[in-house]
>>> print(open('target.cif').read())   # mmCIF, C-alpha atoms
data_final
#
loop_
_atom_site.label_atom_id
_atom_site.label_comp_id
_atom_site.auth_asym_id
_atom_site.auth_seq_id
_atom_site.Cartn_x
_atom_site.Cartn_y
_atom_site.Cartn_z
CA MET Y 212 -16.26 18.39 -0.17
CA ASN Y 213 -16.50 20.39 -3.41
CA ALA Y 214 -16.30 18.74 -6.85
CA LEU Y 215 -12.56 19.29 -7.34
CA LEU Y 216 -11.67 18.00 -3.89
CA ASN Y 217 -13.99 15.03 -4.46
CA LEU Y 218 -12.23 14.14 -7.70
CA SER Y 219 -8.79 14.52 -6.13
CA PHE Y 220 -9.82 12.45 -3.11
CA ILE Y 221 -11.24 9.65 -5.29
CA ILE Y 222 -8.05 9.41 -7.39
CA VAL Y 223 -5.28 10.30 -4.92
CA VAL Y 224 -6.34 8.38 -1.81
CA PRO Y 225 -6.58 4.91 -3.47
CA PHE Y 226 -3.18 5.39 -5.08
CA ILE Y 227 -1.38 6.24 -1.84
CA THR Y 228 -3.35 3.52 -0.05
CA GLY Y 229 -1.81 0.97 -2.40
CA ILE Y 230 1.63 2.28 -1.47
CA ASN Y 231 1.16 2.34 2.29
CA SER Y 232 -2.36 1.73 3.56
CA TYR Y 233 -1.71 2.24 7.25
CA ILE Y 234 0.09 5.59 7.14
CA THR Y 235 -2.55 6.82 4.65
CA PHE Y 236 -5.36 5.95 7.06
CA ILE Y 237 -3.47 7.46 10.02
CA LEU Y 238 -2.75 10.74 8.23
CA LEU Y 239 -6.31 11.07 6.91
CA PHE Y 240 -7.63 10.49 10.42
CA VAL Y 241 -5.34 13.23 11.78
CA VAL Y 242 -6.12 15.86 9.11
CA VAL Y 243 -9.86 15.25 9.50
CA ILE Y 244 -9.73 15.51 13.30
CA LYS Y 245 -7.71 18.72 12.97
CA GLY Y 246 -10.27 20.12 10.53
CA TRP Y 247 -7.80 20.45 7.66
CA LEU Y 248 -9.85 18.14 5.43
CA SER Y 249 -13.61 17.82 5.40
CA VAL Y 250 -14.37 14.09 5.47
CA GLY Y 251 -17.00 13.77 8.18
CA GLY Y 252 -17.20 9.98 8.54
CA PHE Y 253 -13.69 9.72 9.96
CA ILE Y 254 -14.58 11.80 13.01
CA ALA Y 255 -16.87 9.10 14.34
CA PHE Y 256 -14.38 6.31 13.67
CA SER Y 257 -13.11 4.29 16.61
CA PRO Y 258 -9.78 5.46 18.11
CA ILE Y 259 -9.03 1.79 18.83
CA ILE Y 260 -8.87 1.07 15.09
CA PHE Y 261 -6.68 4.17 14.70
CA LEU Y 262 -4.22 2.78 17.28
CA PHE Y 263 -4.38 -0.62 15.59
CA MET Y 264 -3.39 1.06 12.29
CA ILE Y 265 -0.40 2.67 14.03
CA VAL Y 266 0.75 -0.73 15.30
CA LEU Y 267 0.41 -2.26 11.82
CA PHE Y 268 2.31 0.67 10.30
CA LEU Y 269 5.20 0.14 12.72
CA VAL Y 270 5.20 -3.60 11.99
CA GLU Y 271 5.27 -2.93 8.25
CA PHE Y 272 8.07 -0.40 8.66
CA ILE Y 273 10.19 -3.12 10.28
CA VAL Y 274 9.35 -6.16 8.15
CA ASP Y 275 9.71 -4.49 4.77
CA LYS Y 276 13.46 -4.16 5.31
CA ASN Y 277 13.92 -7.92 4.92
CA PRO Y 278 13.66 -8.94 1.22
CA TRP Y 279 11.98 -12.30 1.82
CA VAL Y 280 9.62 -11.16 4.57
CA ASP Y 281 8.80 -8.10 2.46
CA VAL Y 282 7.60 -10.27 -0.44
CA ILE Y 283 5.38 -12.39 1.81
CA TRP Y 284 4.01 -9.26 3.52
CA GLU Y 285 3.11 -7.54 0.24
CA ILE Y 286 1.51 -10.64 -1.30
CA PHE Y 287 -0.54 -11.04 1.87
CA HIS Y 288 -1.68 -7.43 1.48
CA ILE Y 289 -2.97 -7.80 -2.09
CA PRO Y 290 -6.58 -8.17 -0.83
CA ILE Y 291 -6.05 -6.05 2.30
CA ARG Y 292 -4.95 -2.75 0.73
CA PRO Y 293 -7.98 -2.51 -1.61
CA ALA Y 294 -10.20 -3.38 1.37
CA ILE Y 295 -8.70 -0.51 3.39
CA SER Y 296 -9.22 1.78 0.40
CA VAL Y 297 -12.91 0.81 0.30
CA LEU Y 298 -13.15 1.33 4.08
CA ILE Y 299 -11.79 4.87 3.69
CA PHE Y 300 -14.42 5.71 1.07
CA TYR Y 301 -17.14 4.04 3.11
CA LEU Y 302 -16.27 6.43 5.93
CA ALA Y 303 -15.78 9.43 3.63
CA TYR Y 304 -19.15 9.10 1.86
CA PRO Y 305 -21.57 7.60 4.40
CA HIS Y 306 -24.71 9.21 2.95
CA LYS Y 307 -24.16 8.82 -0.80
CA ILE Y 308 -26.48 6.66 -2.92
CA PHE Y 309 -25.53 3.04 -3.62
CA ALA Y 310 -24.70 3.62 -7.31
CA PHE Y 311 -22.22 6.36 -6.42
CA LYS Y 312 -20.62 4.21 -3.72
CA PHE Y 313 -20.34 1.21 -6.06
CA ILE Y 314 -18.58 3.26 -8.77
CA VAL Y 315 -16.23 4.89 -6.25
CA TYR Y 316 -15.42 1.55 -4.59
CA PHE Y 317 -14.65 -0.01 -7.97
CA ILE Y 318 -12.40 2.88 -9.03
CA ALA Y 319 -10.68 2.83 -5.63
CA MET Y 320 -9.86 -0.89 -5.86
CA ILE Y 321 -8.48 -0.60 -9.41
CA ILE Y 322 -6.25 2.37 -8.55
CA THR Y 323 -5.12 0.77 -5.29
CA LEU Y 324 -4.15 -2.46 -7.04
CA THR Y 325 -2.30 -0.45 -9.70
CA SER Y 326 -0.11 1.30 -7.15
CA LEU Y 327 0.27 -1.91 -5.13
CA PHE Y 328 1.59 -3.89 -8.10
CA THR Y 329 3.82 -0.95 -9.01
CA LYS Y 330 5.23 -1.09 -5.49
CA LEU Y 331 5.63 -4.87 -5.76
CA SER Y 332 7.45 -4.49 -9.09
CA ILE Y 333 9.88 -1.92 -7.68
CA ARG Y 334 10.36 -3.78 -4.40
CA SER Y 335 11.04 -7.04 -6.23
CA SER Y 336 13.61 -5.32 -8.43
CA ILE Y 337 15.29 -3.88 -5.32
CA ASN Y 338 15.19 -7.21 -3.48
CA LEU Y 339 16.78 -8.99 -6.44
CA SER Y 340 19.68 -6.55 -6.38
CA PRO Y 341 22.67 -7.19 -4.05
CA HIS Y 342 22.27 -3.79 -2.38
CA CYS Y 343 19.57 -4.41 0.23
CA PHE Y 344 20.15 -1.05 1.90
CA LYS Y 345 18.00 0.40 -0.91
CA ASN Y 346 14.99 -1.06 0.88
CA TRP Y 347 15.41 1.52 3.64
CA ILE Y 348 15.57 4.36 1.14
CA PHE Y 349 12.52 3.20 -0.76
CA SER Y 350 10.55 2.65 2.44
CA ILE Y 351 11.19 6.22 3.58
CA LEU Y 352 10.37 7.57 0.10
CA GLU Y 353 7.03 5.74 0.21
CA ILE Y 354 6.12 7.39 3.50
CA LEU Y 355 7.21 10.82 2.25
CA PHE Y 356 5.18 10.39 -0.95
CA VAL Y 357 2.06 9.58 1.07
CA MET Y 358 2.66 12.48 3.49
CA ILE Y 359 3.16 14.96 0.65
CA ASN Y 360 -0.01 13.87 -1.14
CA VAL Y 361 -2.16 13.99 1.99
CA SER Y 362 -0.77 17.46 2.73
CA LEU Y 363 -1.50 18.60 -0.82
CA LEU Y 364 -5.06 17.29 -0.56
CA CYS Y 365 -5.54 19.78 2.24
CA ILE Y 366 -3.62 22.65 0.62
CA SER Y 367 -3.87 22.20 -3.16
CA PRO Y 368 -5.94 19.23 -4.40
CA VAL Y 369 -5.14 20.10 -8.04
CA ILE Y 370 -1.40 19.60 -7.56
CA SER Y 371 -2.00 16.35 -5.70
CA LEU Y 372 -4.27 15.15 -8.50
CA LEU Y 373 -1.68 16.02 -11.17
CA ILE Y 374 1.10 14.23 -9.26
CA THR Y 375 -1.07 11.14 -8.90
CA ALA Y 376 -2.15 11.19 -12.55
CA ILE Y 377 1.49 11.26 -13.65
CA SER Y 378 2.29 8.52 -11.14
CA ILE Y 379 -0.48 6.30 -12.54
CA VAL Y 380 0.91 6.67 -16.07
CA LEU Y 381 4.41 5.82 -14.82
CA SER Y 382 2.96 2.87 -12.90
CA ILE Y 383 1.67 1.29 -16.10
CA PHE Y 384 5.16 1.35 -17.60
CA ILE Y 385 6.78 0.09 -14.39
CA ILE Y 386 4.38 -2.86 -14.16
CA LYS Y 387 4.90 -3.63 -17.86
CA TYR Y 388 8.70 -3.66 -17.74
CA ARG Y 389 9.41 -4.62 -14.11
CA GLY Y 390 6.36 -6.69 -13.19
CA LYS Y 391 8.14 -9.94 -14.13
CA ASN Y 392 10.42 -9.46 -11.12
CA ILE Y 393 7.43 -10.18 -8.86
CA PHE Y 394 7.19 -13.71 -10.26
CA ILE Y 395 10.96 -14.16 -10.02
CA MET Y 396 10.87 -13.25 -6.32
CA ILE Y 397 7.90 -15.58 -5.69
CA ASN Y 398 9.68 -18.41 -7.51
CA ASN Y 399 12.86 -17.81 -5.49
CA LEU Y 400 10.78 -17.82 -2.32
CA ARG Y 401 9.21 -21.16 -3.26
CA ARG Y 402 12.66 -22.61 -3.92
CA LEU Y 403 13.89 -21.34 -0.56
CA PHE Y 404 11.00 -22.98 1.31
CA ALA Y 405 11.44 -26.19 -0.71
CA ALA Y 406 15.17 -26.29 0.13
CA GLU Y 407 14.46 -25.74 3.84
CA THR Y 408 11.85 -28.51 3.78
CA ILE Y 409 14.33 -30.94 2.19
CA ILE Y 410 16.99 -30.05 4.78
CA LYS Y 411 14.52 -30.64 7.63
CA ILE Y 412 13.56 -34.04 6.18
CA GLN Y 413 17.21 -34.99 5.82
CA HIS Y 414 17.93 -33.97 9.42
CA ARG Y 415 14.93 -35.96 10.62
CA ASP Y 416 16.03 -39.04 8.69
CA THR Y 417 19.57 -38.67 10.09
CA ASP Y 418 18.27 -38.44 13.66
CA THR Y 419 16.19 -41.57 13.26
#
>>> encode(input="target.cif", output="structure tokens")
Amino acid sequence: MNALLNLSFIIVVPFITGINSYITFILLFVVVIKGWLSVGGFIAFSPIIFLFMIVLFLVEFIVDKNPWVDVIWEIFHIPIRPAISVLIFYLAYPHKIFAFKFIVYFIAMIITLTSLFTKLSIRSSINLSPHCFKNWIFSILEILFVMINVSLLCISPVISLLITAISIVLSIFIIKYRGKNIFIMINNLRRLFAAETIIKIQHRDTDT
């Protein structure tokens, strides 16, 4: 990869990985196999893992339509999405020196967490609203955003880089002003589980 494509790849890929890790990995695998993007390490990657990513993508596409399951799923993925981002760069730069890899891994995790918490902030705001059908719209928009950016990486890395740079700036404001909704959703989830536990105890006491 040339310098410009390298820079775009290092910034764009972690951001879209934080939004939807599985479709990002799937699309990168496809464009590399097709020869549309030169990232050699992906060619040798196991097709079994590729199929596993497809299954996880389909599972995520289903579960993120339920507000409560969606929150649990995304919290569970806080360590997973940065790990997938690091895996992508491990495969993309197999022969780089350790210092380069360390810097890239660190940048990738920070950017991935930024987009992940942006997604969590928006999702929490949507889930707190009475119009749950918005989840479907946002889910499709996420996939389209990832597809567009992967396509632009192959066609015009500069445009993809600019879109991501603007998105990162917007993410900071979204996290600042909407991030509190994450804690509201988590607190509501705790109350829901606590209420269910109390009901189960009451039923058990009644039966005895």
>>> resolve_selection(input="target.cif", expression="the PyMOL selection byres ((chain Y and resi 362) around 10)", output="PyMOL selection string")
chain Y and resi 238-239+242+247-248+356-361+363-368+371
>>> atom_distance(input="target.cif", atom1="CA of Val270 in chain Y", atom2="CA of Thr329 in chain Y")
21.2 Å
>>> atom_distance(input="target.cif", atom1="CA of Ser249 in chain Y", atom2="CA of Lys330 in chain Y")
28.8 Å
>>> closest_residue(input="target.cif", among="Y:Lys245, Y:Lys276, Y:Arg401, Y:Arg292", to="Leu327 in chain Y", atoms="only C-alpha atoms")
Y:Arg292
>>> atom_distance(input="target.cif", atom1="CA of Ser296 in chain Y", atom2="CA of Phe328 in chain Y")
14.9 Å
>>> closest_residue(input="target.cif", among="Y:Phe384, Y:Phe240, Y:Phe300, Y:Phe311", to="Val223 in chain Y", atoms="all atoms listed in the file")
Y:Phe300
>>> residues_around(input="target.cif", residues="Ile383 in chain Y", least_positions_apart="5", cutoff="12 Å", atoms="only C-alpha atoms", output="list in words")
Ile322, Leu324, Thr325, Ser326, Leu327, Phe328, Thr329, Lys330, Ser332, Ala376, Ile377, Ser378, Tyr388, Arg389 and Gly390 of chain Y
>>> write_last_selection(input="target.cif", atoms="C-alpha atoms", output="JSON list (two decimals), in the coordinates of the input")
[["chain", "number", "residue", "atom", "x", "y", "z"],
["Y", 322, "ILE", "CA", -6.25, 2.37, -8.55],
["Y", 324, "LEU", "CA", -4.15, -2.46, -7.04],
["Y", 325, "THR", "CA", -2.30, -0.45, -9.70],
["Y", 326, "SER", "CA", -0.11, 1.30, -7.15],
["Y", 327, "LEU", "CA", 0.27, -1.91, -5.13],
["Y", 328, "PHE", "CA", 1.59, -3.89, -8.10],
["Y", 329, "THR", "CA", 3.82, -0.95, -9.01],
["Y", 330, "LYS", "CA", 5.23, -1.09, -5.49],
["Y", 332, "SER", "CA", 7.45, -4.49, -9.09],
["Y", 376, "ALA", "CA", -2.15, 11.19, -12.55],
["Y", 377, "ILE", "CA", 1.49, 11.26, -13.65],
["Y", 378, "SER", "CA", 2.29, 8.52, -11.14],
["Y", 388, "TYR", "CA", 8.70, -3.66, -17.74],
["Y", 389, "ARG", "CA", 9.41, -4.62, -14.11],
["Y", 390, "GLY", "CA", 6.36, -6.69, -13.19]]
>>> residues_around(input="target.cif", residues="Ile286 in chain Y", least_positions_apart="3", cutoff="10 Å", atoms="all atoms listed in the file", output="PyMOL selection string")
chain Y and resi 281-283+289-291+327-328+331+393+397
>>> residues_near_point(input="target.cif", point="(20.5, -1.8, -3.0)", cutoff="12 Å", atoms="only C-alpha atoms", output="list in words")
Lys276, Asn277, Pro278, Ile333, Arg334, Ser335, Ser336, Ile337, Asn338, Leu339, Ser340, Pro341, His342, Cys343, Phe344, Lys345, Asn346, Trp347, Ile348 and Phe349 of chain Y
>>> write_last_selection(input="target.cif", atoms="C-alpha atoms", output="mmCIF file, in the coordinates of the input")
data_model
loop_
_atom_site.group_PDB
_atom_site.id
_atom_site.type_symbol
_atom_site.label_atom_id
_atom_site.label_comp_id
_atom_site.auth_asym_id
_atom_site.auth_seq_id
_atom_site.Cartn_x
_atom_site.Cartn_y
_atom_site.Cartn_z
ATOM 1 C CA LYS Y 276 13.460 -4.160 5.310
ATOM 2 C CA ASN Y 277 13.920 -7.920 4.920
ATOM 3 C CA PRO Y 278 13.660 -8.940 1.220
ATOM 4 C CA ILE Y 333 9.880 -1.920 -7.680
ATOM 5 C CA ARG Y 334 10.360 -3.780 -4.400
ATOM 6 C CA SER Y 335 11.040 -7.040 -6.230
ATOM 7 C CA SER Y 336 13.610 -5.320 -8.430
ATOM 8 C CA ILE Y 337 15.290 -3.880 -5.320
ATOM 9 C CA ASN Y 338 15.190 -7.210 -3.480
ATOM 10 C CA LEU Y 339 16.780 -8.990 -6.440
ATOM 11 C CA SER Y 340 19.680 -6.550 -6.380
ATOM 12 C CA PRO Y 341 22.670 -7.190 -4.050
ATOM 13 C CA HIS Y 342 22.270 -3.790 -2.380
ATOM 14 C CA CYS Y 343 19.570 -4.410 0.230
ATOM 15 C CA PHE Y 344 20.150 -1.050 1.900
ATOM 16 C CA LYS Y 345 18.000 0.400 -0.910
ATOM 17 C CA ASN Y 346 14.990 -1.060 0.880
ATOM 18 C CA TRP Y 347 15.410 1.520 3.640
ATOM 19 C CA ILE Y 348 15.570 4.360 1.140
ATOM 20 C CA PHE Y 349 12.520 3.200 -0.760
#
>>> residues_around(input="target.cif", residues="Leu262 in chain Y", least_positions_apart="3", cutoff="12 Å", atoms="only C-alpha atoms", output="tab-separated table (two decimals) with C-alpha atoms, in the coordinates of the input")
chain	number	residue	atom	x	y	z
Y	233	TYR	CA	-1.71	2.24	7.25
Y	234	ILE	CA	0.09	5.59	7.14
Y	236	PHE	CA	-5.36	5.95	7.06
Y	237	ILE	CA	-3.47	7.46	10.02
Y	240	PHE	CA	-7.63	10.49	10.42
Y	241	VAL	CA	-5.34	13.23	11.78
Y	256	PHE	CA	-14.38	6.31	13.67
Y	257	SER	CA	-13.11	4.29	16.61
Y	258	PRO	CA	-9.78	5.46	18.11
Y	259	ILE	CA	-9.03	1.79	18.83
Y	265	ILE	CA	-0.40	2.67	14.03
Y	266	VAL	CA	0.75	-0.73	15.30
Y	267	LEU	CA	0.41	-2.26	11.82
Y	268	PHE	CA	2.31	0.67	10.30
Y	269	LEU	CA	5.20	0.14	12.72
>>> closest_residue(input="target.cif", among="Y:Val274, Y:Ile308, Y:Leu218, Y:Ala319", to="Ala294 in chain Y", atoms="all atoms listed in the file")
Y:Ala319
>>> residues_around(input="target.cif", residues="Ile354 in chain Y", least_positions_apart="6", cutoff="9 Å", atoms="only C-alpha atoms", output="ChimeraX atom specification")
/Y:230-231,234-235
>>> closest_residue(input="target.cif", among="Y:Met396, Y:Val297, Y:Ser350, Y:Val380", to="Val224 in chain Y", atoms="all atoms listed in the file")
Y:Val297
>>> closest_residue(input="target.cif", among="Y:Glu271, Y:Pro305, Y:Ile379, Y:Gly246", to="Phe287 in chain Y", atoms="only C-alpha atoms")
Y:Glu271
>>> resolve_selection(input="target.cif", expression="the PyMOL selection byres ((chain Y and resi 312) around 12)", output="list in words")
Ile221, Val297, Leu298, Ile299, Phe300, Tyr301, Leu302, Ala303, Tyr304, Pro305, His306, Lys307, Ile308, Phe309, Ala310, Phe311, Phe313, Ile314, Val315, Tyr316, Phe317, Ile318 and Ala319 of chain Y
>>> write_last_selection(input="target.cif", atoms="C-alpha atoms", output="compact mmCIF listing (two decimals), in the frame of the given file")
# COMPACT_ATOMS: atom_id res chain seq x y z
CA ILE Y 221 -11.24 9.65 -5.29
CA VAL Y 297 -12.91 0.81 0.30
CA LEU Y 298 -13.15 1.33 4.08
CA ILE Y 299 -11.79 4.87 3.69
CA PHE Y 300 -14.42 5.71 1.07
CA TYR Y 301 -17.14 4.04 3.11
CA LEU Y 302 -16.27 6.43 5.93
CA ALA Y 303 -15.78 9.43 3.63
CA TYR Y 304 -19.15 9.10 1.86
CA PRO Y 305 -21.57 7.60 4.40
CA HIS Y 306 -24.71 9.21 2.95
CA LYS Y 307 -24.16 8.82 -0.80
CA ILE Y 308 -26.48 6.66 -2.92
CA PHE Y 309 -25.53 3.04 -3.62
CA ALA Y 310 -24.70 3.62 -7.31
CA PHE Y 311 -22.22 6.36 -6.42
CA PHE Y 313 -20.34 1.21 -6.06
CA ILE Y 314 -18.58 3.26 -8.77
CA VAL Y 315 -16.23 4.89 -6.25
CA TYR Y 316 -15.42 1.55 -4.59
CA PHE Y 317 -14.65 -0.01 -7.97
CA ILE Y 318 -12.40 2.88 -9.03
CA ALA Y 319 -10.68 2.83 -5.63
>>> closest_residue(input="target.cif", among="Y:Leu215, Y:Phe220, Y:Ile260, Y:Ile227", to="Leu352 in chain Y", atoms="all atoms listed in the file")
Y:Ile227
